[in-house]
Structures are given as C-alpha cells and as structure tokens.
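File shown here: query26.tsv, holding TSV, C-alpha atoms.
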chain	number	residue	atom	x	y	z
K	1	MET	CA	-10.13	-3.45	-48.00
K	2	GLU	CA	-7.06	-3.18	-50.25
K	3	LYS	CA	-6.84	0.51	-49.41
K	4	PHE	CA	-6.87	-0.38	-45.73
K	5	TRP	CA	-3.94	-2.81	-46.08
K	6	ALA	CA	-2.09	-0.39	-48.35
K	7	SER	CA	-2.45	2.46	-45.87
K	8	LEU	CA	-1.47	0.11	-43.05
K	9	LEU	CA	1.86	-0.31	-44.85
K	10	VAL	CA	2.32	3.25	-46.00
K	11	ILE	CA	1.40	5.18	-42.84
K	12	PRO	CA	4.24	3.79	-40.66
K	13	ILE	CA	6.77	4.68	-43.35
K	14	PHE	CA	5.43	8.21	-43.58
K	15	THR	CA	5.49	8.49	-39.81
K	16	TRP	CA	9.06	7.23	-39.63
K	17	TYR	CA	10.21	9.71	-42.25
K	18	SER	CA	8.40	12.56	-40.55
K	19	PHE	CA	10.19	11.78	-37.29
K	20	HIS	CA	13.44	11.48	-39.19
K	21	ALA	CA	13.04	14.85	-40.87
K	22	VAL	CA	12.30	16.61	-37.58
K	23	LEU	CA	15.01	14.88	-35.52
K	24	ASP	CA	17.64	15.20	-38.23
K	25	ARG	CA	17.07	18.93	-38.44
K	26	ASP	CA	17.06	19.25	-34.66
K	27	PHE	CA	20.36	17.36	-34.42
K	28	LYS	CA	22.06	19.47	-37.07
K	29	ILE	CA	21.03	22.79	-35.58
K	30	ARG	CA	22.03	21.82	-32.04
K	31	GLN	CA	25.27	20.14	-33.10
K	32	GLN	CA	26.34	23.21	-35.02
K	33	ALA	CA	25.46	25.42	-32.06
K	34	VAL	CA	27.44	23.21	-29.63
K	35	GLU	CA	30.48	23.28	-31.91
K	36	ASN	CA	30.23	27.05	-32.29
K	37	VAL	CA	30.09	27.56	-28.53
K	38	VAL	CA	33.05	25.27	-27.84
K	39	TYR	CA	35.21	26.80	-30.55
K	40	GLN	CA	34.36	30.31	-29.46
K	41	TYR	CA	35.28	29.73	-25.79
K	42	THR	CA	38.44	27.80	-26.66
K	43	GLN	CA	39.55	30.69	-28.81
K	44	VAL	CA	38.92	33.13	-25.98
K	45	ALA	CA	41.01	30.98	-23.62
K	46	ALA	CA	43.82	30.65	-26.18
K	47	LYS	CA	43.86	34.35	-26.88
K	48	LYS	CA	43.99	35.20	-23.17
K	49	GLY	CA	46.44	32.40	-22.39
K	50	VAL	CA	44.21	31.46	-19.44
K	51	LEU	CA	40.95	29.55	-19.12
K	52	TYR	CA	39.42	31.67	-16.39
K	53	ASP	CA	36.89	30.14	-14.00
K	54	SER	CA	34.33	32.65	-15.18
K	55	VAL	CA	34.86	31.67	-18.84
K	56	TYR	CA	34.61	27.97	-17.97
K	57	ASN	CA	31.39	28.58	-16.02
K	58	GLU	CA	29.95	30.56	-18.89
K	59	LEU	CA	30.83	27.72	-21.28
K	60	GLU	CA	29.06	25.27	-18.98
K	61	SER	CA	26.02	27.49	-18.77
K	62	ARG	CA	25.83	28.00	-22.55
K	63	LEU	CA	26.08	24.23	-23.11
K	64	SER	CA	23.45	23.47	-20.50
K	65	SER	CA	20.79	24.76	-22.85
K	66	PHE	CA	21.59	21.77	-25.10
K	67	GLY	CA	21.61	19.14	-22.36
K	68	THR	CA	24.05	17.81	-19.80
K	69	PHE	CA	27.64	17.69	-21.00
K	70	ASP	CA	30.90	16.22	-19.77
K	71	ILE	CA	33.62	18.78	-20.36
K	72	SER	CA	37.25	17.83	-20.62
K	73	VAL	CA	39.99	20.44	-20.83
K	74	THR	CA	43.66	19.72	-21.46
K	75	ALA	CA	46.72	21.81	-22.24
K	76	GLU	CA	49.80	20.57	-24.05
K	77	LYS	CA	53.38	21.73	-23.94
K	78	PHE	CA	55.97	20.65	-26.51
K	79	THR	CA	59.54	20.68	-25.34
K	80	GLY	CA	62.67	20.14	-27.40
K	81	THR	CA	62.27	18.12	-30.56
K	82	SER	CA	59.95	15.52	-29.04
K	83	ASP	CA	56.54	15.16	-30.59
K	84	THR	CA	55.11	13.85	-27.34
K	85	PRO	CA	53.75	16.75	-25.36
K	86	GLU	CA	53.51	17.23	-21.64
K	87	VAL	CA	49.80	17.24	-20.83
K	88	ILE	CA	47.86	18.69	-17.92
K	89	GLU	CA	44.16	18.12	-17.37
K	90	ASP	CA	41.05	19.83	-16.06
K	91	PRO	CA	41.78	21.14	-12.55
K	92	GLU	CA	45.36	22.02	-13.44
K	93	VAL	CA	44.27	23.93	-16.53
K	94	ILE	CA	41.40	26.04	-15.26
K	95	GLY	CA	42.56	29.38	-13.90
K	96	GLU	CA	46.25	28.73	-14.66
K	97	ASN	CA	48.29	31.13	-16.73
K	98	LEU	CA	49.07	28.65	-19.47
K	99	ARG	CA	51.03	31.07	-21.59
K	100	SER	CA	53.52	31.94	-18.87
K	101	LEU	CA	53.84	28.24	-18.02
K	102	GLY	CA	54.86	27.61	-21.62
K	103	TYR	CA	51.85	25.63	-22.78
K	104	ASP	CA	51.27	25.63	-26.52
K	105	ILE	CA	47.83	24.18	-27.13
K	106	ILE	CA	44.54	24.19	-25.26
K	107	ASN	CA	41.99	21.47	-26.08
K	108	VAL	CA	38.36	21.47	-25.05
K	109	TYR	CA	36.21	18.40	-25.61
K	110	VAL	CA	32.56	18.19	-24.68
K	111	GLU	CA	30.21	15.26	-25.01
K	112	SER	CA	26.54	15.03	-24.17
K	113	ARG	CA	25.62	12.47	-21.51
K	114	ASN	CA	22.39	11.73	-23.34
K	115	GLU	CA	21.92	10.06	-26.67
K	116	HIS	CA	20.06	12.05	-29.27
K	117	PRO	CA	16.66	10.46	-30.13
K	118	LEU	CA	17.76	10.23	-33.75
K	119	GLY	CA	20.01	7.32	-32.78
K	120	ARG	CA	17.06	5.47	-31.30
K	121	LEU	CA	15.05	6.12	-34.45
K	122	TYR	CA	17.79	4.51	-36.55
K	123	GLU	CA	17.67	1.43	-34.37
K	124	ILE	CA	14.08	0.67	-35.35
K	125	THR	CA	12.43	0.18	-38.72
K	126	PRO	CA	9.22	2.01	-39.64
K	127	PHE	CA	7.33	-1.12	-38.50
K	128	GLY	CA	8.84	-1.15	-35.04
K	129	THR	CA	11.23	-4.05	-35.51
K	130	LYS	CA	14.97	-3.75	-34.76
K	131	SER	CA	16.89	-2.46	-37.75
K	132	GLY	CA	20.18	-3.99	-36.66
K	133	ALA	CA	21.96	-0.64	-36.93
K	134	GLU	CA	23.96	0.61	-33.96
K	135	ALA	CA	23.76	4.37	-33.84
K	136	ASP	CA	25.00	6.06	-30.70
K	137	ILE	CA	24.42	9.61	-31.83
K	138	ARG	CA	25.08	12.34	-29.31
K	139	HIS	CA	26.22	15.93	-29.40
K	140	PHE	CA	29.92	16.47	-29.01
K	141	ALA	CA	32.51	19.04	-29.99
K	142	LYS	CA	36.23	19.41	-29.87
K	143	ALA	CA	38.36	22.47	-30.38
K	144	SER	CA	42.12	22.84	-30.18
K	145	VAL	CA	43.69	26.25	-30.47
K	146	TYR	CA	47.27	27.46	-30.29
K	147	ILE	CA	47.90	29.62	-27.24
K	148	GLN	CA	49.02	32.93	-28.65
Y	1	MET	CA	-6.07	-3.84	-56.33
Y	2	LYS	CA	-4.41	-0.94	-58.13
Y	3	ALA	CA	-3.88	0.88	-54.84
Y	4	PHE	CA	-2.27	-2.23	-53.39
Y	5	PHE	CA	0.27	-2.48	-56.20
Y	6	LEU	CA	0.94	1.25	-56.07
Y	7	SER	CA	1.64	0.99	-52.38
Y	8	LEU	CA	3.98	-1.94	-52.99
Y	9	ILE	CA	5.93	0.17	-55.47
Y	10	PHE	CA	5.97	3.03	-52.97
Y	11	ILE	CA	7.27	0.74	-50.25
Y	12	PHE	CA	9.98	-0.59	-52.52
Y	13	CYS	CA	11.10	2.95	-53.36
Y	14	THR	CA	11.09	4.18	-49.79
Y	15	TRP	CA	12.91	1.12	-48.48
Y	16	SER	CA	15.52	1.60	-51.16
Y	17	LEU	CA	15.99	5.14	-49.97
Y	18	PHE	CA	15.97	3.92	-46.38
Y	19	PHE	CA	19.01	1.73	-46.92
Y	20	ILE	CA	20.83	3.72	-49.57
Y	21	GLY	CA	20.50	7.31	-48.53
Y	22	LYS	CA	19.24	7.29	-44.99
Y	23	GLY	CA	21.09	9.06	-42.26
Y	24	ILE	CA	22.24	12.41	-41.13
Y	25	ASP	CA	23.64	14.32	-43.98
Y	26	ASN	CA	26.27	15.91	-41.79
Y	27	ILE	CA	28.30	17.32	-44.63
Y	28	ASP	CA	27.55	20.90	-43.62
Y	29	ILE	CA	28.66	20.19	-40.05
Y	30	MET	CA	31.82	18.55	-41.32
Y	31	ALA	CA	32.53	21.42	-43.70
Y	32	GLU	CA	32.48	23.86	-40.81
Y	33	ARG	CA	34.63	21.62	-38.60
Y	34	TYR	CA	37.03	21.11	-41.45
Y	35	LYS	CA	37.37	24.82	-42.12
Y	36	ARG	CA	38.03	25.49	-38.45
Y	37	ALA	CA	40.70	22.80	-38.37
Y	38	LEU	CA	42.39	24.46	-41.34
Y	39	ASP	CA	42.19	27.88	-39.73
Y	40	ALA	CA	43.47	26.61	-36.38
Y	41	GLY	CA	46.35	24.83	-38.14
Y	42	ALA	CA	47.30	27.83	-40.27
Y	43	ASN	CA	47.06	30.06	-37.21
Y	44	ALA	CA	49.47	27.82	-35.29
Y	45	ALA	CA	51.86	27.70	-38.26
Y	46	SER	CA	52.02	31.46	-38.31
Y	47	ARG	CA	52.14	32.04	-34.57
Y	48	TYR	CA	54.26	29.32	-33.04
Y	49	ARG	CA	56.60	30.37	-30.30
Y	50	ALA	CA	59.78	30.54	-32.38
Y	51	TYR	CA	58.62	33.85	-33.84
Y	52	ASN	CA	58.80	35.37	-30.39
Y	53	ASN	CA	62.53	34.97	-29.94
Y	54	ARG	CA	64.94	37.82	-30.33
Y	55	ASP	CA	66.31	36.71	-33.69
Y	56	MET	CA	62.83	36.90	-35.14
Y	57	LEU	CA	62.09	40.32	-33.76
Y	58	PHE	CA	65.03	42.49	-34.72
Y	59	ASP	CA	66.98	43.60	-37.74
Y	60	GLN	CA	65.08	41.67	-40.34
Y	61	GLY	CA	65.43	44.49	-42.85
Y	62	ILE	CA	69.16	43.83	-43.23
Y	63	GLY	CA	70.02	42.54	-46.67
Y	64	TYR	CA	67.14	44.26	-48.37
Y	65	GLY	CA	68.91	47.42	-49.41
Y	66	ILE	CA	66.70	50.10	-47.98
Y	67	GLY	CA	66.98	48.78	-44.44
Y	68	ALA	CA	64.46	49.71	-41.80
Y	69	GLU	CA	61.83	51.01	-44.15
Y	70	ASP	CA	58.87	48.67	-44.74
Y	71	ARG	CA	60.46	45.90	-42.75
Y	72	ASN	CA	57.73	43.35	-43.03
Y	73	ASN	CA	60.22	40.57	-43.56
Y	74	VAL	CA	60.44	37.77	-41.01
Y	75	PRO	CA	62.52	34.60	-41.12
Y	76	VAL	CA	60.45	31.44	-41.11
Y	77	ASP	CA	61.38	27.88	-40.21
Y	78	ARG	CA	59.31	26.16	-42.88
Y	79	ASP	CA	59.47	22.66	-41.41
Y	80	GLU	CA	58.41	23.92	-37.98
Y	81	ALA	CA	55.56	25.87	-39.55
Y	82	VAL	CA	54.24	22.75	-41.29
Y	83	LYS	CA	54.69	20.67	-38.15
Y	84	TRP	CA	52.58	23.11	-36.13
Y	85	PHE	CA	49.97	23.21	-38.85
Y	86	TYR	CA	49.57	19.43	-38.68
Y	87	ARG	CA	49.47	19.39	-34.90
Y	88	LEU	CA	46.49	21.70	-34.73
Y	89	PHE	CA	44.77	20.49	-37.88
Y	90	PHE	CA	44.66	16.86	-36.75
Y	91	ARG	CA	43.79	17.70	-33.17
Y	92	ASN	CA	40.72	19.59	-34.33
Y	93	LEU	CA	39.62	16.58	-36.33
Y	94	SER	CA	40.41	14.24	-33.40
Y	95	ILE	CA	42.87	12.22	-35.46
Y	96	SER	CA	45.64	11.01	-33.17
Y	97	ASP	CA	46.84	7.84	-34.85
Y	98	SER	CA	50.12	8.54	-36.66
Y	99	GLU	CA	49.39	6.09	-39.47
Y	100	GLU	CA	46.02	7.68	-40.07
Y	101	ARG	CA	47.65	11.10	-40.04
Y	102	ASP	CA	50.23	10.03	-42.59
Y	103	GLU	CA	47.48	8.61	-44.77
Y	104	LEU	CA	45.50	11.83	-44.64
Y	105	LYS	CA	48.45	14.07	-45.42
Y	106	LYS	CA	48.21	13.07	-49.05
Y	107	TYR	CA	44.99	15.07	-49.24
Y	108	ILE	CA	46.86	18.25	-48.42
Y	109	PRO	CA	48.67	18.83	-51.72
Y	110	MET	CA	49.99	22.29	-51.06
Y	111	LYS	CA	51.50	24.14	-48.12
Y	112	ALA	CA	52.87	27.46	-49.21
Y	113	LEU	CA	54.96	30.07	-47.47
Y	114	ILE	CA	54.53	33.44	-49.10
Y	115	LEU	CA	57.74	35.02	-47.85
Y	116	TYR	CA	59.01	38.54	-48.16
Y	117	ASP	CA	61.09	37.96	-51.27
Y	118	ARG	CA	60.24	34.44	-52.38
Y	119	LEU	CA	57.61	31.76	-52.49
Y	120	MET	CA	58.12	28.29	-51.06
Y	121	ILE	CA	55.74	25.40	-51.65
Y	122	ALA	CA	55.69	21.91	-50.17
Y	123	ASP	CA	53.78	19.11	-51.84
Y	124	ALA	CA	51.60	16.41	-50.29
Y	125	HIS	CA	54.71	14.63	-48.99
Y	126	ASP	CA	56.01	17.82	-47.34
Y	127	ASN	CA	58.73	17.94	-49.94
Y	128	TRP	CA	59.88	21.51	-50.61
Y	129	ASP	CA	62.19	20.46	-53.43
Y	130	SER	CA	59.35	19.79	-55.88
Y	131	TYR	CA	58.91	23.55	-56.29
Y	132	GLY	CA	62.50	24.51	-55.63
Y	133	PRO	CA	64.65	23.81	-52.58
Y	134	ASP	CA	65.04	27.52	-51.80
Y	135	GLY	CA	61.74	28.59	-53.27
Y	136	GLN	CA	61.36	31.01	-56.15
Y	137	ALA	CA	62.12	34.71	-55.99
Y	138	TYR	CA	59.43	37.05	-57.28
Y	139	THR	CA	61.27	37.66	-60.55
Y	140	ILE	CA	58.81	39.48	-62.76
Y	141	GLN	CA	59.30	41.22	-66.05
Y	142	TYR	CA	58.21	44.84	-66.09
Y	143	SER	CA	58.77	47.32	-68.93
Y	144	GLY	CA	60.92	44.77	-70.72
Y	145	ARG	CA	63.26	44.12	-67.79
Y	146	ASP	CA	63.40	41.52	-65.05
Y	147	TYR	CA	63.13	42.78	-61.49
Y	148	ARG	CA	63.06	40.91	-58.20
Y	149	PHE	CA	60.04	42.14	-56.33
Y	150	THR	CA	59.24	41.89	-52.62
Y	151	LEU	CA	56.10	42.22	-50.53
Y	152	SER	CA	57.03	45.84	-49.85
Y	153	ASP	CA	57.79	48.61	-52.32
Y	154	GLN	CA	61.44	47.58	-52.43
Y	155	VAL	CA	62.49	46.17	-55.78
Y	156	TYR	CA	65.87	44.70	-56.70
Y	157	ASP	CA	67.32	45.47	-60.11
Y	158	PRO	CA	69.70	42.58	-60.86
Y	159	HIS	CA	71.24	44.32	-63.90
Y	160	ASN	CA	72.59	47.20	-61.85
Y	161	GLY	CA	72.74	45.30	-58.53
Y	162	GLN	CA	70.66	48.03	-56.88
Y	163	TRP	CA	67.68	48.19	-54.56
Y	164	LEU	CA	65.04	50.61	-55.79
Y	165	MET	CA	61.58	51.70	-54.79
Y	166	ALA	CA	58.67	50.58	-56.99
Y	167	GLU	CA	57.95	54.19	-57.95
Y	168	ASP	CA	61.49	54.50	-59.33
Y	169	ILE	CA	60.49	52.11	-62.11
Y	170	GLY	CA	57.11	53.79	-62.62
Y	171	LEU	CA	54.92	51.54	-60.47
Y	172	THR	CA	52.42	52.84	-57.94
Y	173	PRO	CA	52.19	50.85	-54.67
Y	174	GLU	CA	48.79	49.48	-55.80
Y	175	ASP	CA	50.13	48.35	-59.16
Y	176	ARG	CA	53.19	46.79	-57.52
Y	177	LYS	CA	50.99	44.85	-55.10
Y	178	ALA	CA	48.69	43.68	-57.89
Y	179	LEU	CA	51.65	42.57	-60.00
Y	180	VAL	CA	53.21	40.54	-57.18
Y	181	THR	CA	49.85	39.08	-56.14
Y	182	GLN	CA	49.09	37.97	-59.69
Y	183	TYR	CA	52.53	36.39	-59.93
Y	184	ILE	CA	51.96	34.45	-56.68
Y	185	ILE	CA	48.48	33.36	-57.81
Y	186	SER	CA	49.86	32.05	-61.09
Y	187	GLU	CA	52.68	30.21	-59.29
Y	188	LEU	CA	50.25	28.57	-56.85
Y	189	ASN	CA	47.93	27.55	-59.67
Y	190	GLY	CA	50.89	26.33	-61.71
Y	191	PHE	CA	51.93	24.11	-58.82
Y	192	LEU	CA	48.45	22.59	-58.71
Y	193	LYS	CA	47.99	22.25	-62.45
Y	194	ASN	CA	48.36	18.47	-62.43
Y	195	ARG	CA	46.13	17.95	-59.45
Y	196	PRO	CA	42.49	17.31	-60.38
Y	197	ASP	CA	39.80	17.61	-57.76
Y	198	LYS	CA	38.93	14.19	-56.35
Y	199	GLU	CA	35.23	14.47	-57.03
Y	200	SER	CA	34.80	16.58	-60.12
Y	201	SER	CA	38.17	15.91	-61.80
Y	202	SER	CA	38.31	19.58	-62.70
Y	203	TYR	CA	41.36	21.60	-61.73
Y	204	TYR	CA	41.82	24.02	-58.88
Y	205	GLU	CA	41.99	27.74	-59.39
Y	206	ILE	CA	43.08	29.92	-56.52
Y	207	VAL	CA	42.14	33.58	-56.67
Y	208	PHE	CA	42.93	36.44	-54.30
Y	209	SER	CA	40.97	39.64	-54.37
Y	210	LEU	CA	42.95	42.47	-55.93
Y	211	ASP	CA	40.67	45.42	-55.45
Y	212	ASP	CA	38.54	44.99	-52.35
Y	213	ILE	CA	37.04	48.42	-51.83
Y	214	ALA	CA	35.77	47.63	-48.33
Y	215	ASP	CA	39.22	47.17	-46.82
Y	216	GLU	CA	42.57	47.68	-48.45
Y	217	LYS	CA	44.00	44.95	-46.23
Y	218	LEU	CA	41.79	42.45	-48.04
Y	219	SER	CA	43.22	43.39	-51.42
Y	220	GLY	CA	46.16	41.39	-52.65
Y	221	ILE	CA	48.90	39.90	-50.50
Y	222	ASN	CA	50.15	42.27	-47.84
Y	223	GLY	CA	52.58	40.28	-45.77
Y	224	VAL	CA	54.34	37.02	-45.04
Y	225	ASN	CA	51.75	34.26	-45.01
Y	226	PHE	CA	51.30	30.58	-44.40
Y	227	PHE	CA	48.78	29.21	-46.88
Y	228	VAL	CA	47.39	25.72	-47.24
Y	229	LEU	CA	45.04	23.91	-49.60
Y	230	CYS	CA	43.35	20.81	-48.35
Y	231	GLU	CA	41.14	18.66	-50.48
Y	232	GLY	CA	38.46	16.29	-49.32
Y	233	VAL	CA	39.98	14.47	-46.40
Y	234	PRO	CA	37.67	11.46	-46.57
Y	235	LEU	CA	35.86	11.70	-43.27
Y	236	SER	CA	32.91	9.41	-42.88
Y	237	SER	CA	29.48	10.76	-42.13
Y	238	LEU	CA	27.37	9.78	-39.13
Y	239	ASN	CA	25.09	7.75	-41.35
Y	240	PRO	CA	25.15	4.21	-39.95
Y	241	TYR	CA	24.03	2.67	-43.25
Y	242	LYS	CA	25.88	4.61	-45.84
Y	243	ARG	CA	29.51	5.27	-44.95
Y	244	GLU	CA	29.76	8.42	-46.99
Y	245	GLU	CA	33.11	10.08	-47.43
Y	246	PHE	CA	33.37	13.78	-47.19
Y	247	PHE	CA	35.02	15.26	-50.24
Y	248	ALA	CA	35.28	18.99	-50.38
Y	249	TYR	CA	38.20	21.32	-50.42
Y	250	GLY	CA	39.13	24.22	-48.26
Y	251	ILE	CA	41.89	26.73	-47.85
Y	252	GLY	CA	43.41	28.18	-44.74
Y	253	GLY	CA	45.84	30.97	-44.31
Y	254	SER	CA	47.31	33.19	-41.67
Y	255	GLU	CA	49.72	36.10	-41.71
Y	256	ILE	CA	53.05	35.68	-39.96
Y	257	THR	CA	53.80	38.81	-38.02
Y	258	ARG	CA	56.46	39.80	-35.58
Is it possible to give me this structure as structure tokens?
Amino acid sequence: MEKFWASLLVIPIFTWYSFHAVLDRDFKIRQQAVENVVYQYTQVAAKKGVLYDSVYNELESRLSSFGTFDISVTAEKFTGTSDTPEVIEDPEVIGENLRSLGYDIINVYVESRNEHPLGRLYEITPFGTKSGAEADIRHFAKASVYIQ
Amino acid sequence: MKAFFLSLIFIFCTWSLFFIGKGIDNIDIMAERYKRALDAGANAASRYRAYNNRDMLFDQGIGYGIGAEDRNNVPVDRDEAVKWFYRLFFRNLSISDSEERDELKKYIPMKALILYDRLMIADAHDNWDSYGPDGQAYTIQYSGRDYRFTLSDQVYDPHNGQWLMAEDIGLTPEDRKALVTQYIISELNGFLKNRPDKESSSYYEIVFSLDDIADEKLSGINGVNFFVLCEGVPLSSLNPYKREEFFAYGIGGSEITR
C-alpha cells in the first residue's frame, strides 16, 4: 500500500520532467533555427541593399515550417547629428532600394502567433495545480544589420 | 514504510530542483544572439557611410613616406565608429531604452581601433584618454633601436627621420607582421590587466593567430580594424522562476576597408 502511495506521488513528477526535457529541447532547437533563418535573410537584404519580394517570400516560407509568424520589417535612416532615425515600415521597405534611398539599417522582427507548449507546462505543477508562474514562451527573432 | 520515506526525500529533492533550477537553460541561444550582436555592431563600425566619401577614398598614403605603395591606411572617425557599433549592438539585443543602454555599456570595457600607424582604445565610458588621447604609435625596439612600425612594410626610423621598408632593417614581411601583432596583443592585454572577469575573477587574455597555415589572411593583423570586447551583459534567461543572468564574454571585430 505504501508503495502505491509513493508511486502515486513520484510518477507525476517523473512525467512532468519527461515532458519538460522533451519540450525544452524542442524549443531550443526551433528557436535557434528561427534565429538563424532571420539573421541569414536580414544579412542578404543588407548586403543587397534591397529586401526583394522573392527574398521576403522565401523567409516567410522557411519560417512557416516552425509555425505561423508575424513578420515586421523596418528600415532606419540617420540624418545629421540626430540620434532619432527616420523609420519606414513593412510595405515601404519591401522591394525598395534602401541603399540608394540612404537607409542605414534594416531590422527584421518575427514572432510566433502561437505559444510554445513549454509555457503551458510551466503554468502547471506536476500534480496539475496552477504553479502561479506566468510564462508566455514563444519563438521570436530579431536581426538588425547595417546596409552596406 | 521505507519506500514511503524514500519517496518523500525524492519529492523534496525534485521540488527543490523544480523551484531552484527549473526553466529553459537558454544560455546557448543567448550566446549566439550575443555574438551576432557583436558582429553586427563591429560590422557597422567598420562600414558606416562616412568611409564612402571622397576624403576617405583617395590619397591616404600621403604622409607615410613611400606614398602609394601598400596604402592600406584609412582615416577613421573613432567616435562615429563607436556610435555605430552601439546602434547595431543594442538593436540586435532589442534594447532601446537609453538608460538601460548606458547601464549596459559598462560591460563593454574595450573598444579598440587598430589603425595604420597607431592603436586607439576607449574604455567602458567611451573615454579614449585612458589609453592616450591620440593613441599609441607602434614604437617597437628591434635590433637595439626604436622604430615606428605600421600595418604595412613601411617603417619609420625616428633617429634619421626616414621611412624605410621592413626588409631594409632585416625583417621579412612575415616577421614584421608577427612583431606588430604581438605588440598590439600585449597592448590590448595591458589595457585589460586590471579588469577581472565577472564570473571567474580571472583576467582576460586576447590572442591572435600568428601562423595560420590555412589562410595567410587569418594570420596576424592585416589591416585597419575595429575590435571590441564585451563581457557578460547580464541578460536574464527565459526561466520564469530563476532570473538567471547571462555572464559570458565575446569579441567582435571587423576590418575597415576603403
């Protein structure tokens, strides 16, 4: 009987940790991949001085294998001695020749629309009660590169 | 009964771990992000638009005796270079608050400009005067005499007021490069000698490869460079229970070319 009660306590903890191990690893691998993709495509855009439609579409398609993402693209231009840049956003950036327009920096920010299950796991204890932790964990990535 | 107590001990241990060490250990993700921020910042410092103007593109050999030969000199606006480094570095880490930026700058103890004929270093407060307001020339003793070296094979002999080639004083190009590189390494390490690492309390040691057989370009210092050391900007991990701070150091560098 004691073994029954003991296992009743131990099994949920083991289960919780098993889920944690799997989801933690899944998050890390995907997060690293998302960041790699975003950095890579931002570098391409900065090197070319243009974020071509085709490059943007390819970025979207690469990210789609990790879920649904909101993509935000901005370009910044510094003029004079001011540290406040002139900023243009998504539709004005894509396909424009940023270099010839004098823009200095291109920023790409992506954020998954869906929470990663790891966040939900943190919100519960191994025994199913609320842990009190707020963990909105989702994949995101940001890259800013100087337009060469 | 024994099993019951053992399980109680097990529960105690696991719950301790649950609250103390639980969470995504995202240090490896942060390390990568951090390195990219350094690279992006150093790249901007070495590429910003000022280098494209006419003054930066022509006649930079003047004043270095042998003129057009080996003209890998380029004038650098050091304050602009640092400003562009910060712009890109902080953007990549999504830090936009100016107070937070100022706070984090203290974790970047060295920004160095390895120029054609001198080394300039700014400290954590972006103060260039701590190393020398005009930097330090590469004055190195060779064969019992002081010479002012450059990043090319041009060498200035202050005793005779003459520009020479390294081979004139018996140095091969490889030896000249190794000599200058070792001098720069020792100066960079000397600048950091009072700066212990935040975590280990041991001191930094910067080393450049001197004899990379795979690619000569990877051996020693070949050109004008922006170089930065950044130590453990304390970024918190994603762990909702344990607000870990990320302490690791990284270096970034990029060659300034015309």
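When all atoms listed in the file are used to compute distances to chain Y, the closest of the residues K:Ser72, K:Gly49, K:Gly128, K:Asp24 turns out to be K:Asp24.
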Worksheet entry | Shell around range 87-89 of chain Y at 12 Å using all atoms listed in the file, local window under 6 positions removed, as a PyMOL selection string | (chain K and resi 76-78+83-85+104-107+142-147) or (chain Y and resi 33-48+80-81+95-98+101+104-105+108+228+230+233+252)
Take the residues from that selection and write them out as an mmCIF file, keeping the file's coordinate frame, keeping C-alpha atoms.
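New file part18.cif:
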data_model
loop_
_atom_site.group_PDB
_atom_site.id
_atom_site.type_symbol
_atom_site.label_atom_id
_atom_site.label_comp_id
_atom_site.auth_asym_id
_atom_site.auth_seq_id
_atom_site.Cartn_x
_atom_site.Cartn_y
_atom_site.Cartn_z
ATOM 1 C CA GLU K 76 49.800 20.570 -24.050
ATOM 2 C CA LYS K 77 53.380 21.730 -23.940
ATOM 3 C CA PHE K 78 55.970 20.650 -26.510
ATOM 4 C CA ASP K 83 56.540 15.160 -30.590
ATOM 5 C CA THR K 84 55.110 13.850 -27.340
ATOM 6 C CA PRO K 85 53.750 16.750 -25.360
ATOM 7 C CA ASP K 104 51.270 25.630 -26.520
ATOM 8 C CA ILE K 105 47.830 24.180 -27.130
ATOM 9 C CA ILE K 106 44.540 24.190 -25.260
ATOM 10 C CA ASN K 107 41.990 21.470 -26.080
ATOM 11 C CA LYS K 142 36.230 19.410 -29.870
ATOM 12 C CA ALA K 143 38.360 22.470 -30.380
ATOM 13 C CA SER K 144 42.120 22.840 -30.180
ATOM 14 C CA VAL K 145 43.690 26.250 -30.470
ATOM 15 C CA TYR K 146 47.270 27.460 -30.290
ATOM 16 C CA ILE K 147 47.900 29.620 -27.240
ATOM 17 C CA ARG Y 33 34.630 21.620 -38.600
ATOM 18 C CA TYR Y 34 37.030 21.110 -41.450
ATOM 19 C CA LYS Y 35 37.370 24.820 -42.120
ATOM 20 C CA ARG Y 36 38.030 25.490 -38.450
ATOM 21 C CA ALA Y 37 40.700 22.800 -38.370
ATOM 22 C CA LEU Y 38 42.390 24.460 -41.340
ATOM 23 C CA ASP Y 39 42.190 27.880 -39.730
ATOM 24 C CA ALA Y 40 43.470 26.610 -36.380
ATOM 25 C CA GLY Y 41 46.350 24.830 -38.140
ATOM 26 C CA ALA Y 42 47.300 27.830 -40.270
ATOM 27 C CA ASN Y 43 47.060 30.060 -37.210
ATOM 28 C CA ALA Y 44 49.470 27.820 -35.290
ATOM 29 C CA ALA Y 45 51.860 27.700 -38.260
ATOM 30 C CA SER Y 46 52.020 31.460 -38.310
ATOM 31 C CA ARG Y 47 52.140 32.040 -34.570
ATOM 32 C CA TYR Y 48 54.260 29.320 -33.040
ATOM 33 C CA GLU Y 80 58.410 23.920 -37.980
ATOM 34 C CA ALA Y 81 55.560 25.870 -39.550
ATOM 35 C CA ILE Y 95 42.870 12.220 -35.460
ATOM 36 C CA SER Y 96 45.640 11.010 -33.170
ATOM 37 C CA ASP Y 97 46.840 7.840 -34.850
ATOM 38 C CA SER Y 98 50.120 8.540 -36.660
ATOM 39 C CA ARG Y 101 47.650 11.100 -40.040
ATOM 40 C CA LEU Y 104 45.500 11.830 -44.640
ATOM 41 C CA LYS Y 105 48.450 14.070 -45.420
ATOM 42 C CA ILE Y 108 46.860 18.250 -48.420
ATOM 43 C CA VAL Y 228 47.390 25.720 -47.240
ATOM 44 C CA CYS Y 230 43.350 20.810 -48.350
ATOM 45 C CA VAL Y 233 39.980 14.470 -46.400
ATOM 46 C CA GLY Y 252 43.410 28.180 -44.740
#
Worksheet entry | Shell of 12 Å around Ala124 in chain Y, only C-alpha atoms, local chain residues under 3 positions omitted, as number ranges by chain | Y: 82, 102-112, 121, 127-131, 191-192, 195, 228-231
Discussion item. Give me, as an NGL selection string, all polymer residues having an atom no more than 7 Å from range 129-136 of chain K, counting only C-alpha atoms and skipping those fewer than 3 positions away in the same chain.
Written reply: (:K and (115 or 119 or 122-125)) or (:Y and (240))
Worksheet entry | Computed interatomic separation between CA of His116 in chain K and CA of Phe90 in chain Y (Å) | 26.2 Å
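You can rank Y:Asn92, Y:Met165, Y:Val74, Y:Gln182 by their closest distance to chain K using all atoms listed in the file, and at the top of that list sits Y:Asn92.
Of the residues listed (K:Thr79, K:Thr15, K:Ser112, K:Ser7), K:Ser7 shows the shortest atom-to-atom separation from chain Y; distances use only C-alpha atoms.
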Discussion item. I'd like the neighbourhood of Ser209 in chain Y as number ranges by chain, where a residue qualifies if any of its atoms comes within 9 Å (using only C-alpha atoms), though same-chain residues fewer than 4 positions away should be ignored.
Written reply: Y: 218-221
Item to complete: Figure out the distance between CA of Ser254 in chain Y and CA of Ile94 in chain K, please, to one decimal in Å.
Response: 28.0 Å
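CA of Val76 in chain Y lies 26.0 Å from CA of Glu174 in chain Y.
Compared by their closest atoms to chain Y, and using all atoms listed in the file, the residues K:Thr68, K:Asn57, K:Asn114, K:Thr74 rank with K:Thr74 nearest.
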